[in-house]
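Text of my_file.tsv, listed as TSV, C-alpha atoms:
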chain	number	residue	atom	x	y	z
A	1	MET	CA	0.00	0.00	0.00
A	2	LYS	CA	1.23	3.49	-0.82
A	3	PHE	CA	1.10	5.84	2.17
A	4	GLU	CA	0.50	9.52	1.49
A	5	LEU	CA	1.34	11.37	4.69
A	6	PRO	CA	3.41	14.55	4.08
A	7	GLN	CA	6.97	14.71	5.35
A	8	ILE	CA	6.02	17.01	8.24
A	9	TYR	CA	3.71	14.34	9.65
A	10	PHE	CA	6.32	11.62	9.23
A	11	SER	CA	8.98	13.81	10.86
A	12	LYS	CA	6.87	14.62	13.91
A	13	ILE	CA	5.86	11.00	14.43
A	14	MET	CA	9.45	9.86	13.99
A	15	ARG	CA	10.63	12.44	16.51
A	16	ALA	CA	8.21	11.06	19.09
A	17	ILE	CA	9.21	7.46	18.36
A	18	VAL	CA	12.94	8.22	18.56
A	19	GLU	CA	12.93	10.74	21.44
A	20	PHE	CA	10.83	8.53	23.70
A	21	ASP	CA	11.98	5.16	22.27
A	22	LEU	CA	8.44	3.96	21.67
A	23	ILE	CA	8.91	0.85	19.53
A	24	GLN	CA	11.20	-2.16	19.91
A	25	ASP	CA	11.68	-5.39	17.97
A	26	ASN	CA	9.02	-8.03	18.64
A	27	ASP	CA	6.57	-5.53	20.12
A	28	ARG	CA	2.92	-6.46	19.82
A	29	ILE	CA	1.11	-3.13	19.75
A	30	LEU	CA	-2.65	-2.76	20.24
A	31	ILE	CA	-4.14	0.42	18.76
A	32	GLY	CA	-7.08	1.99	20.57
A	33	LEU	CA	-9.31	2.80	17.59
A	34	SER	CA	-12.33	4.88	18.56
A	35	GLY	CA	-13.10	5.88	14.97
A	36	GLY	CA	-12.41	9.57	15.58
A	37	LYS	CA	-10.02	11.65	13.48
A	38	ASP	CA	-7.09	11.11	15.84
A	39	SER	CA	-7.27	7.32	16.13
A	40	LEU	CA	-7.83	6.92	12.39
A	41	LEU	CA	-4.61	8.82	11.74
A	42	LEU	CA	-2.80	6.80	14.40
A	43	THR	CA	-3.86	3.52	12.79
A	44	TYR	CA	-2.76	4.72	9.36
A	45	ALA	CA	0.53	6.07	10.72
A	46	MET	CA	1.36	2.88	12.62
A	47	ALA	CA	0.79	0.81	9.48
A	48	MET	CA	3.12	3.18	7.64
A	49	MET	CA	5.77	2.88	10.35
A	50	ARG	CA	5.50	-0.91	10.32
A	51	GLU	CA	6.47	-0.73	6.64
A	52	ARG	CA	9.22	1.89	6.90
A	53	LEU	CA	10.99	1.26	10.21
A	54	LYS	CA	13.78	-1.28	10.55
A	55	LYS	CA	11.97	-2.83	13.51
A	56	LYS	CA	9.91	-5.99	13.48
A	57	PHE	CA	6.65	-5.42	15.32
A	58	SER	CA	3.02	-6.41	14.87
A	59	LEU	CA	-0.21	-4.45	15.17
A	60	GLY	CA	-3.80	-5.02	16.18
A	61	ALA	CA	-6.71	-2.61	16.56
A	62	LEU	CA	-9.55	-2.63	19.07
A	63	THR	CA	-12.73	-0.58	19.14
A	64	ILE	CA	-14.84	-0.30	22.28
A	65	ASN	CA	-18.55	0.41	21.75
A	66	PRO	CA	-19.64	2.37	24.85
A	67	MET	CA	-23.29	1.73	23.94
A	68	PHE	CA	-24.33	5.37	23.95
A	69	SER	CA	-26.48	4.69	20.87
A	70	ASP	CA	-28.00	1.77	18.99
A	71	ASP	CA	-26.34	2.54	15.65
A	72	PHE	CA	-22.62	2.47	16.42
A	73	ASP	CA	-21.34	1.06	13.12
A	74	THR	CA	-17.83	-0.43	13.10
A	75	ALA	CA	-17.97	-1.73	9.50
A	76	ARG	CA	-16.05	1.29	8.20
A	77	LEU	CA	-13.34	0.75	10.82
A	78	SER	CA	-13.11	-2.95	10.04
A	79	ASP	CA	-12.72	-2.22	6.31
A	80	PHE	CA	-10.08	0.42	7.03
A	81	CYS	CA	-8.02	-1.97	9.15
A	82	ARG	CA	-8.36	-4.72	6.56
A	83	SER	CA	-6.96	-2.38	3.91
A	84	LEU	CA	-3.95	-1.78	6.19
A	85	ASP	CA	-3.52	-5.46	7.04
A	86	ILE	CA	-4.22	-4.82	10.73
A	87	PRO	CA	-6.33	-7.38	12.62
A	88	PHE	CA	-9.44	-5.66	14.00
A	89	GLU	CA	-11.86	-6.51	16.76
A	90	SER	CA	-14.65	-4.68	18.57
A	91	PHE	CA	-16.87	-5.41	21.52
A	92	ASP	CA	-19.45	-3.71	23.69
A	93	VAL	CA	-18.86	-2.21	27.13
A	94	ASP	CA	-22.01	-0.69	28.59
A	95	ILE	CA	-20.39	2.54	29.78
A	96	ASN	CA	-23.66	4.34	29.17
A	97	ASP	CA	-25.35	2.26	31.87
A	98	ILE	CA	-22.42	2.73	34.28
A	99	ILE	CA	-22.64	6.51	33.90
A	100	LYS	CA	-26.41	6.49	34.48
A	101	ASN	CA	-26.01	4.43	37.65
A	102	HIS	CA	-23.24	6.63	39.06
A	103	PRO	CA	-24.38	10.23	38.46
A	104	GLU	CA	-22.15	11.44	41.30
A	105	LYS	CA	-19.04	10.71	39.21
A	106	SER	CA	-17.73	12.63	36.21
A	107	PRO	CA	-19.03	10.91	33.05
A	108	CYS	CA	-15.70	11.60	31.29
A	109	PHE	CA	-13.77	9.98	34.14
A	110	SER	CA	-16.04	6.93	34.18
A	111	CYS	CA	-15.86	6.54	30.41
A	112	ALA	CA	-12.07	6.82	30.29
A	113	PHE	CA	-11.64	4.51	33.29
A	114	PHE	CA	-13.75	1.67	31.92
A	115	ARG	CA	-12.42	2.07	28.37
A	116	ARG	CA	-8.84	1.79	29.61
A	117	GLY	CA	-9.69	-1.17	31.81
A	118	SER	CA	-11.33	-3.01	28.93
A	119	ILE	CA	-8.47	-2.30	26.54
A	120	ASN	CA	-5.85	-3.33	29.11
A	121	ARG	CA	-7.67	-6.59	29.80
A	122	TYR	CA	-7.97	-7.36	26.08
A	123	ALA	CA	-4.28	-6.58	25.54
A	124	LEU	CA	-3.21	-8.96	28.29
A	125	GLU	CA	-5.54	-11.72	27.09
A	126	HIS	CA	-4.18	-11.46	23.53
A	127	ASN	CA	-0.49	-11.12	24.40
A	128	PHE	CA	0.02	-7.48	23.44
A	129	ASN	CA	2.77	-5.72	25.39
A	130	LYS	CA	2.00	-2.15	24.28
A	131	ILE	CA	-1.08	-0.04	23.73
A	132	ALA	CA	-0.99	2.92	21.35
A	133	TYR	CA	-3.33	5.84	21.96
A	134	ALA	CA	-3.93	8.77	19.62
A	135	HIS	CA	-3.37	11.66	22.03
A	136	HIS	CA	-1.90	14.68	20.26
A	137	HIS	CA	-0.01	17.75	21.45
A	138	ASP	CA	-3.12	19.82	22.18
A	139	ASP	CA	-4.40	17.03	24.42
A	140	ALA	CA	-1.23	17.19	26.52
A	141	VAL	CA	-1.36	20.99	26.88
A	142	GLU	CA	-5.05	20.93	27.77
A	143	THR	CA	-4.44	18.20	30.35
A	144	LEU	CA	-1.75	20.37	31.95
A	145	LEU	CA	-4.24	23.20	32.45
A	146	MET	CA	-7.03	20.87	33.55
A	147	GLY	CA	-4.79	19.45	36.26
A	148	LEU	CA	-3.85	22.93	37.46
A	149	PHE	CA	-7.38	24.36	37.40
A	150	TYR	CA	-9.40	21.39	38.63
A	151	SER	CA	-7.08	19.36	40.88
A	152	GLY	CA	-4.32	21.77	41.90
A	153	GLN	CA	-1.61	19.61	40.32
A	154	ILE	CA	1.04	20.53	37.77
A	155	GLN	CA	1.06	17.44	35.58
A	156	THR	CA	0.08	15.95	32.25
A	157	PHE	CA	0.31	12.51	30.63
A	158	THR	CA	3.63	11.34	29.23
A	159	PRO	CA	4.46	10.12	25.70
A	160	LYS	CA	5.41	6.72	27.12
A	161	THR	CA	3.98	5.25	30.31
A	162	TYR	CA	4.75	1.91	31.94
A	163	LEU	CA	1.79	0.46	33.83
A	164	ASP	CA	3.17	-1.33	36.88
A	165	ARG	CA	0.03	-3.32	37.66
A	166	THR	CA	-0.28	-4.90	34.23
A	167	GLY	CA	3.23	-4.78	32.78
A	168	LEU	CA	1.82	-2.99	29.72
A	169	THR	CA	3.39	0.10	28.19
A	170	VAL	CA	1.25	2.91	26.77
A	171	ILE	CA	2.72	4.84	23.84
A	172	ARG	CA	1.48	7.99	22.12
A	173	PRO	CA	3.17	8.30	18.69
A	174	LEU	CA	1.11	11.37	17.63
A	175	ILE	CA	2.20	13.44	20.62
A	176	TYR	CA	4.00	16.07	18.50
A	177	LEU	CA	1.10	16.57	16.07
A	178	ARG	CA	-1.29	19.45	16.60
A	179	GLU	CA	-5.02	18.83	16.52
A	180	TYR	CA	-5.50	20.78	13.29
A	181	GLU	CA	-3.05	18.38	11.66
A	182	THR	CA	-5.00	15.30	12.74
A	183	ARG	CA	-8.13	16.98	11.37
A	184	GLU	CA	-6.48	17.71	8.01
A	185	ALA	CA	-5.08	14.17	7.79
A	186	VAL	CA	-8.47	12.85	6.64
A	187	LYS	CA	-7.54	13.93	3.12
A	188	TYR	CA	-4.53	11.60	3.25
A	189	HIS	CA	-5.97	8.42	4.72
A	190	LYS	CA	-9.36	9.16	3.10
A	191	VAL	CA	-11.57	7.71	5.82
A	192	GLN	CA	-14.25	9.92	7.31
A	193	PRO	CA	-14.30	9.82	11.13
A	194	VAL	CA	-17.13	8.00	12.84
A	195	PRO	CA	-19.33	10.61	14.60
A	196	SER	CA	-18.86	10.53	18.35
A	197	PRO	CA	-21.82	8.82	20.05
A	198	CYS	CA	-21.01	10.52	23.37
A	199	PRO	CA	-23.96	12.60	24.67
A	200	HIS	CA	-21.47	14.93	26.38
A	201	ASP	CA	-19.41	15.60	23.26
A	202	GLY	CA	-18.59	19.32	23.05
A	203	LYS	CA	-19.76	19.96	26.63
A	204	THR	CA	-16.79	18.67	28.59
A	205	THR	CA	-14.22	20.26	30.86
A	206	ARG	CA	-11.66	19.66	28.12
A	207	GLN	CA	-13.78	21.64	25.68
A	208	THR	CA	-13.93	24.50	28.18
A	209	ILE	CA	-10.13	24.50	28.46
A	210	LYS	CA	-9.77	24.26	24.67
A	211	GLU	CA	-11.95	27.34	24.22
A	212	LEU	CA	-10.11	29.21	26.98
A	213	ILE	CA	-6.74	28.62	25.29
A	214	ALA	CA	-8.16	29.77	21.96
A	215	SER	CA	-9.65	32.90	23.54
A	216	LEU	CA	-6.50	33.90	25.43
A	217	SER	CA	-4.35	33.22	22.38
A	218	LYS	CA	-6.09	36.04	20.52
A	219	ASP	CA	-4.29	38.58	22.70
A	220	ASN	CA	-1.21	36.45	23.32
A	221	PRO	CA	-0.18	34.47	20.23
A	222	ALA	CA	2.70	32.88	22.16
A	223	LEU	CA	0.40	31.48	24.85
A	224	TYR	CA	0.20	27.95	23.48
A	225	ASP	CA	3.96	27.67	23.02
A	226	HIS	CA	4.51	28.88	26.59
A	227	LEU	CA	2.08	26.28	27.93
A	228	ALA	CA	3.83	23.59	25.90
A	229	SER	CA	7.20	24.65	27.31
A	230	ALA	CA	5.79	24.39	30.84
A	231	MET	CA	5.30	20.64	30.34
A	232	ARG	CA	9.05	20.06	30.33
A	233	LYS	CA	10.77	19.27	33.62
A	234	ASN	CA	13.70	21.55	32.82
A	235	ASN	CA	11.31	24.52	32.67
A	236	VAL	CA	9.94	24.09	36.19
A	237	GLY	CA	10.95	27.15	38.19
A	238	GLU	CA	10.72	27.91	41.89
A	239	LEU	CA	7.74	26.36	43.66
A	240	TRP	CA	6.74	26.30	47.31
A	241	PRO	CA	7.89	23.30	49.35
A	242	ALA	CA	5.35	20.60	50.22
A	243	SER	CA	2.80	21.61	52.85
A	244	LYS	CA	3.76	20.53	56.39
A	245	THR	CA	1.51	18.94	59.00
A	246	ARG	CA	1.01	20.38	62.47
A	247	LYS	CA	3.21	17.61	63.85
A	248	GLU	CA	6.04	18.50	61.47
A	249	MET	CA	5.80	22.17	62.49
A	250	ALA	CA	5.41	21.56	66.23
A	251	ASP	CA	9.04	22.13	67.26
A	252	VAL	CA	9.38	25.32	65.21
A	253	TYR	CA	6.05	26.56	66.58
A	254	LYS	CA	7.28	26.03	70.15
A	255	SER	CA	10.46	27.98	69.37
A	256	TYR	CA	8.30	30.99	68.51
A	257	MET	CA	5.74	30.69	71.28
A	258	TYR	CA	7.60	28.95	74.12
A	259	PRO	CA	11.29	29.59	73.53
A	260	ASP	CA	12.29	28.68	77.09
A	261	SER	CA	10.38	25.40	77.34

With the file now loaded, output its structure as structure tokens.
Amino acid sequence: MKFELPQIYFSKIMRAIVEFDLIQDNDRILIGLSGGKDSLLLTYAMAMMRERLKKKFSLGALTINPMFSDDFDTARLSDFCRSLDIPFESFDVDINDIIKNHPEKSPCFSCAFFRRGSINRYALEHNFNKIAYAHHHDDAVETLLMGLFYSGQIQTFTPKTYLDRTGLTVIRPLIYLREYETREAVKYHKVQPVPSPCPHDGKTTRQTIKELIASLSKDNPALYDHLASAMRKNNVGELWPASKTRKEMADVYKSYMYPDS
């Protein structure tokens, strides 16, 4: 098959693979294929890399149907994977019912949690050692701000993550691509994304952060680049020390209040 991704796409994906050492010989990599624009590009790109890299690795693709609707059609995804010579499988996980029965929890958290659990379990049962997700650069920057605004933590996900409990490794080969690039990539792989069945699509915390970044960037064009730089450990400046407990401060407190005791 002739792959048609421009050099800039190939270069960014190669940078991620090389910088974070994402692929080794004999890897069995499971692609999380939701059917959205990002995972379609990931599937296409991984098939291209399997052909071009001097590494011997195999691929599989898995689609989880969260059962948000009755017409979630995976035929297009199956045909796409067949054209790329990637084994494809899909199965249902009733995330919709889980969300309805646990309204006290964030629907996005519940969905992500049970999707990941299902994919991890499938990977282990079918002898995959790595899982590839289609997170792009905008996702990482947005996650940084979400952590700061909603949990008081300065963190984001990493391009390569080892999961201690399962022994699986998560890789994100598209991490240097911007979201507009994954959107434009449809004209190269020529498969229209499957519409998201999620009832919360476009109404999430991530969407709020996405719109905030876009709004602030109007007055500060360098904003996104500054946020991206803040994800790097070498750009962490002075921060307060960890908060101390009363017990840890007791002796110092006494020195101020009871110096002669």

| message | as a list in words, please: the residues near His226 in chain A (cut-off 12 Å, all atoms listed in the file, same-chain neighbours under 4 positions excluded). | response |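 Final neighbour list, sorted by chain and number: Val141, Leu144, Leu145, Ile213, Ser217, Asn220, Pro221, Ala222, Ala230, Met231, Arg232 and Asn235 of chain A.
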
| said: One decimal, in Å: what's the spacing between CA of Ala123 in chain A and CA of Cys81 in chain A? | reply: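 Separation of CA of Ala123 in chain A and CA of Cys81 in chain A: 17.4 Å.
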
| query | Of the candidates A:Ala132, A:Ile17, A:Ser34, A:Tyr188, which shows the shortest atom-to-atom distance to Thr169 in chain A, using only C-alpha atoms? | reply |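 Closest residue, counting only C-alpha atoms: A:Ala132.
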
| said: One number please: CA of Arg178 in chain A to CA of His137 in chain A, in Å, one decimal. | reply: 5.3 Å

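One finds CA of Lys2 in chain A at 8.7 Å from CA of Met48 in chain A.
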
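Considering only C-alpha atoms, the residue among A:Leu124, A:Ala214, A:Ile64, A:Val93 positioned nearest to Gly35 in chain A is A:Ile64.
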
| query | From the list A:Ile8, A:Leu177, A:Leu30, A:Val194, which residue is nearest Glu125 in chain A when using only C-alpha atoms? | reply |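 Checking each candidate against Glu125 in chain A, we get A:Leu30 as the closest.
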
| task | Fewer than 3 positions away in the same chain doesn't count, so skip those; otherwise give me all residues within 12 Å of Ala134 in chain A, counting only C-alpha atoms, as a ChimeraX atom specification. | result | /A:13,30-46,131,137-140,159,170-179,182

| field | Selected residue, from A:Phe3, A:Asn234, A:Ala61, A:Phe10, that lies nearest to Glu181 in chain A when counting all atoms listed in the file | value |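 Nearest candidate to Glu181 in chain A out of A:Phe3, A:Asn234, A:Ala61, A:Phe10: A:Phe10.
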
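Those residues that approach range 54-58 of chain A to within 10 Å, counting all atoms listed in the file, are Ile23, Gln24, Asp25, Asn26, Asp27, Arg28, Ile29, Leu30, Met46, Ala47, Met49, Arg50, Ile86, Pro87 and Phe128 of chain A; same-chain residues fewer than 4 positions away are not listed.
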
| Closest to Lys233 in chain A among A:Met14, A:Tyr258, A:Thr158, A:Glu248, using all atoms listed in the file? |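 Checking each candidate against Lys233 in chain A, we get A:Thr158 as the closest.
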
Would you mind writing range 38-51 of chain A with N, CA, C and O atoms, as a PDB file, in the frame of the given file?
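Output below, filename result-v3.pdb:
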ATOM      1  N   ASP A  38      -8.421  11.354  15.287  1.00  0.00           N
ATOM      2  CA  ASP A  38      -7.090  11.110  15.840  1.00  0.00           C
ATOM      3  C   ASP A  38      -6.714   9.633  15.736  1.00  0.00           C
ATOM      4  O   ASP A  38      -5.607   9.291  15.307  1.00  0.00           O
ATOM      5  N   SER A  39      -7.613   8.746  16.134  1.00  0.00           N
ATOM      6  CA  SER A  39      -7.270   7.320  16.130  1.00  0.00           C
ATOM      7  C   SER A  39      -7.210   6.757  14.715  1.00  0.00           C
ATOM      8  O   SER A  39      -6.477   5.802  14.453  1.00  0.00           O
ATOM      9  N   LEU A  40      -7.949   7.346  13.782  1.00  0.00           N
ATOM     10  CA  LEU A  40      -7.830   6.920  12.390  1.00  0.00           C
ATOM     11  C   LEU A  40      -6.428   7.246  11.860  1.00  0.00           C
ATOM     12  O   LEU A  40      -5.789   6.426  11.199  1.00  0.00           O
ATOM     13  N   LEU A  41      -5.955   8.453  12.164  1.00  0.00           N
ATOM     14  CA  LEU A  41      -4.610   8.820  11.740  1.00  0.00           C
ATOM     15  C   LEU A  41      -3.570   7.932  12.410  1.00  0.00           C
ATOM     16  O   LEU A  41      -2.611   7.491  11.763  1.00  0.00           O
ATOM     17  N   LEU A  42      -3.742   7.664  13.695  1.00  0.00           N
ATOM     18  CA  LEU A  42      -2.800   6.800  14.400  1.00  0.00           C
ATOM     19  C   LEU A  42      -2.699   5.428  13.740  1.00  0.00           C
ATOM     20  O   LEU A  42      -1.604   4.901  13.523  1.00  0.00           O
ATOM     21  N   THR A  43      -3.841   4.853  13.406  1.00  0.00           N
ATOM     22  CA  THR A  43      -3.860   3.520  12.790  1.00  0.00           C
ATOM     23  C   THR A  43      -3.129   3.545  11.450  1.00  0.00           C
ATOM     24  O   THR A  43      -2.317   2.662  11.149  1.00  0.00           O
ATOM     25  N   TYR A  44      -3.415   4.554  10.658  1.00  0.00           N
ATOM     26  CA  TYR A  44      -2.760   4.720   9.360  1.00  0.00           C
ATOM     27  C   TYR A  44      -1.258   4.915   9.537  1.00  0.00           C
ATOM     28  O   TYR A  44      -0.445   4.289   8.840  1.00  0.00           O
ATOM     29  N   ALA A  45      -0.884   5.765  10.492  1.00  0.00           N
ATOM     30  CA  ALA A  45       0.530   6.070  10.720  1.00  0.00           C
ATOM     31  C   ALA A  45       1.302   4.851  11.230  1.00  0.00           C
ATOM     32  O   ALA A  45       2.453   4.614  10.833  1.00  0.00           O
ATOM     33  N   MET A  46       0.672   4.060  12.089  1.00  0.00           N
ATOM     34  CA  MET A  46       1.360   2.880  12.620  1.00  0.00           C
ATOM     35  C   MET A  46       1.567   1.832  11.527  1.00  0.00           C
ATOM     36  O   MET A  46       2.596   1.148  11.498  1.00  0.00           O
ATOM     37  N   ALA A  47       0.608   1.715  10.619  1.00  0.00           N
ATOM     38  CA  ALA A  47       0.790   0.810   9.480  1.00  0.00           C
ATOM     39  C   ALA A  47       1.934   1.292   8.597  1.00  0.00           C
ATOM     40  O   ALA A  47       2.735   0.487   8.096  1.00  0.00           O
ATOM     41  N   MET A  48       2.026   2.609   8.418  1.00  0.00           N
ATOM     42  CA  MET A  48       3.120   3.180   7.640  1.00  0.00           C
ATOM     43  C   MET A  48       4.465   2.918   8.310  1.00  0.00           C
ATOM     44  O   MET A  48       5.441   2.535   7.641  1.00  0.00           O
ATOM     45  N   MET A  49       4.518   3.099   9.622  1.00  0.00           N
ATOM     46  CA  MET A  49       5.770   2.880  10.350  1.00  0.00           C
ATOM     47  C   MET A  49       6.162   1.401  10.335  1.00  0.00           C
ATOM     48  O   MET A  49       7.351   1.073  10.290  1.00  0.00           O
ATOM     49  N   ARG A  50       5.205   0.531  10.389  1.00  0.00           N
ATOM     50  CA  ARG A  50       5.500  -0.910  10.320  1.00  0.00           C
ATOM     51  C   ARG A  50       6.212  -1.239   9.006  1.00  0.00           C
ATOM     52  O   ARG A  50       7.100  -2.098   8.971  1.00  0.00           O
ATOM     53  N   GLU A  51       5.860  -0.504   7.957  1.00  0.00           N
ATOM     54  CA  GLU A  51       6.470  -0.730   6.640  1.00  0.00           C
ATOM     55  C   GLU A  51       7.838  -0.074   6.516  1.00  0.00           C
ATOM     56  O   GLU A  51       8.749  -0.634   5.899  1.00  0.00           O
TER      57      GLU A  51
END
